[in-house]
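Everything on this sheet refers to the single structure shown next.
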Amino acid sequence: MNLYEETKFIMKKYNLFANKSLGQNFLIDEDVVNNIVKSSDVSKEDLVIEIGPGLGTLTKVLLENAKKVICIELDKRMIEILENRFKLYDNFKIINDDVLKVDLNNLIKENKSVDIKHVKIVANLPYYITTPIIMKLLEEKLNIDSITVMIQKEVASRLCTIPGKKDTGSITYGVYYYSEPKIMFDVPNTSFIPEPEVTSTVIKLDILKEPRIKVKDEKFLFKLIKVSFMQKRKTLLNALVNGHIFENKESAEKCFNELRLDLKIRAENLSLEEYGDLSDYLKS
Ligand code: SAM
């Protein structure tokens with residue numbers, strides 16, 4: 001049986017239909033599954049956390065390559081399927097919950113035994129919450145090595161560009177602050193059932209030991225970036241005055257001049273370091 005037939009068989013056996021509102025697109029391409037696991041560099045020294053295992057297609061290959069795999073799946077219907085499918089694997093664990101509500105720091109602490117050297121996140125993410133999941137994984141400063149995930153192609157280019165270059169969005173800075181992002185490969189929509197409307201891309205974020213820059217107030221840095229992008233068609237200076245980061249245009253111009261920032265520069269043209277300088281200036 002190939003992966004397409006196996007997936008169809010499991011869905012029929014359990015009378016299961018994909019739930020679109022949970023972002024369910026099941027992988028049916030064996031090469032893609034193997035390439036995701038290869039990209040994640042998972043080994044027998046690793047604890048893997050898989051988000052949204054679905055029917056367990058990716059899980060199966062992860063179980064064969066990792067020391068332990070903990071899956072977090074929101075859809076109750078999948079739990080019975082996964083428990084039956086992997087009952088002979090003693091390195092499999094499933095949690096029925098919304099990943100956004102799980103205390104991942106605690107989960108890692110509880111499961112990181114002495115024979116586990118690294119913790120890695122691997123997933124074919126539900127696309128409707130790609131961004132909040134990735135930001136949670138980064139902002140909670142988890143003790144992890146990397147995040148290898150499949151996401152929509154256009155989101156991937158926003159996450160993996162260098163700030164200031166093409167496709168920069170406010171999230172670009174968050175990803176770049178915490179990690180070294182890489183595009184691994186594209187996946188056509190024919191690799192799933194049902195087929196999503198968009199092309200997908202596998203990305204890998206190698207987590208940095210320390211954030212890329214040091215600032216006085218990290219929370220304020222990201223607030224500043226968020227406000228800057230709220231009116232990204234305007235000049236950054238106007239966006240920051242309108243967003244009440246500066247009291248008035250004069251104080252904004254004074255700051256821009258001191259930091260040697262072009263008064264006409266736009267939000268997406270600043271480097272992370274320049275946002276860092278701006279943030280520290282405002283916090284001094
Ligand atoms: N890993 C499977 C595969 O590659 O075939 C399924 C991937 S599917 C794109 C996304 C999975 O995430 C679904 O199984 C869905 O039920 C699950 N999911 C959706 N929202 C979730 C959430 N908030 N927390 C955990 N899992 C979620």
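Residue numbering restarts at 1 in every chain; chains get A, B, ... in the order shown in the structure tokens, and ligands count up from 1 in that same order.
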Quiz prompt | Near-ligand residues for ligand 1, threshold 9 Å, only C-alpha atoms and all ligand atoms, as number ranges by chain | solution = A: 7, 18-28, 33, 50-59, 71-78, 95-102, 123-129, 133, 150-151, 192-193
Might you pull out every residue within 8 Å of A:Leu270, with only C-alpha atoms counted and same-chain residues fewer than 4 positions away left off, and present them as a compact mmCIF listing (two decimals) with N, CA and C atoms, in the first residue's frame?
# COMPACT_ATOMS: atom_id res chain seq x y z
N PRO A 163 15.54 40.79 7.67
CA PRO A 163 14.80 42.04 7.86
C PRO A 163 15.39 43.16 6.99
N GLY A 164 14.50 43.89 6.35
CA GLY A 164 14.95 44.98 5.48
C GLY A 164 14.96 44.55 4.02
N ILE A 265 12.26 57.02 5.79
CA ILE A 265 12.37 55.55 5.77
C ILE A 265 11.04 54.90 6.17
N ARG A 266 10.77 53.70 5.61
CA ARG A 266 9.54 52.98 5.95
C ARG A 266 9.84 51.79 6.86
N GLU A 274 18.75 48.44 13.80
CA GLU A 274 18.22 49.81 13.83
C GLU A 274 16.98 49.91 14.73
N TYR A 275 16.13 48.88 14.68
CA TYR A 275 14.99 48.88 15.62
C TYR A 275 15.50 48.78 17.06
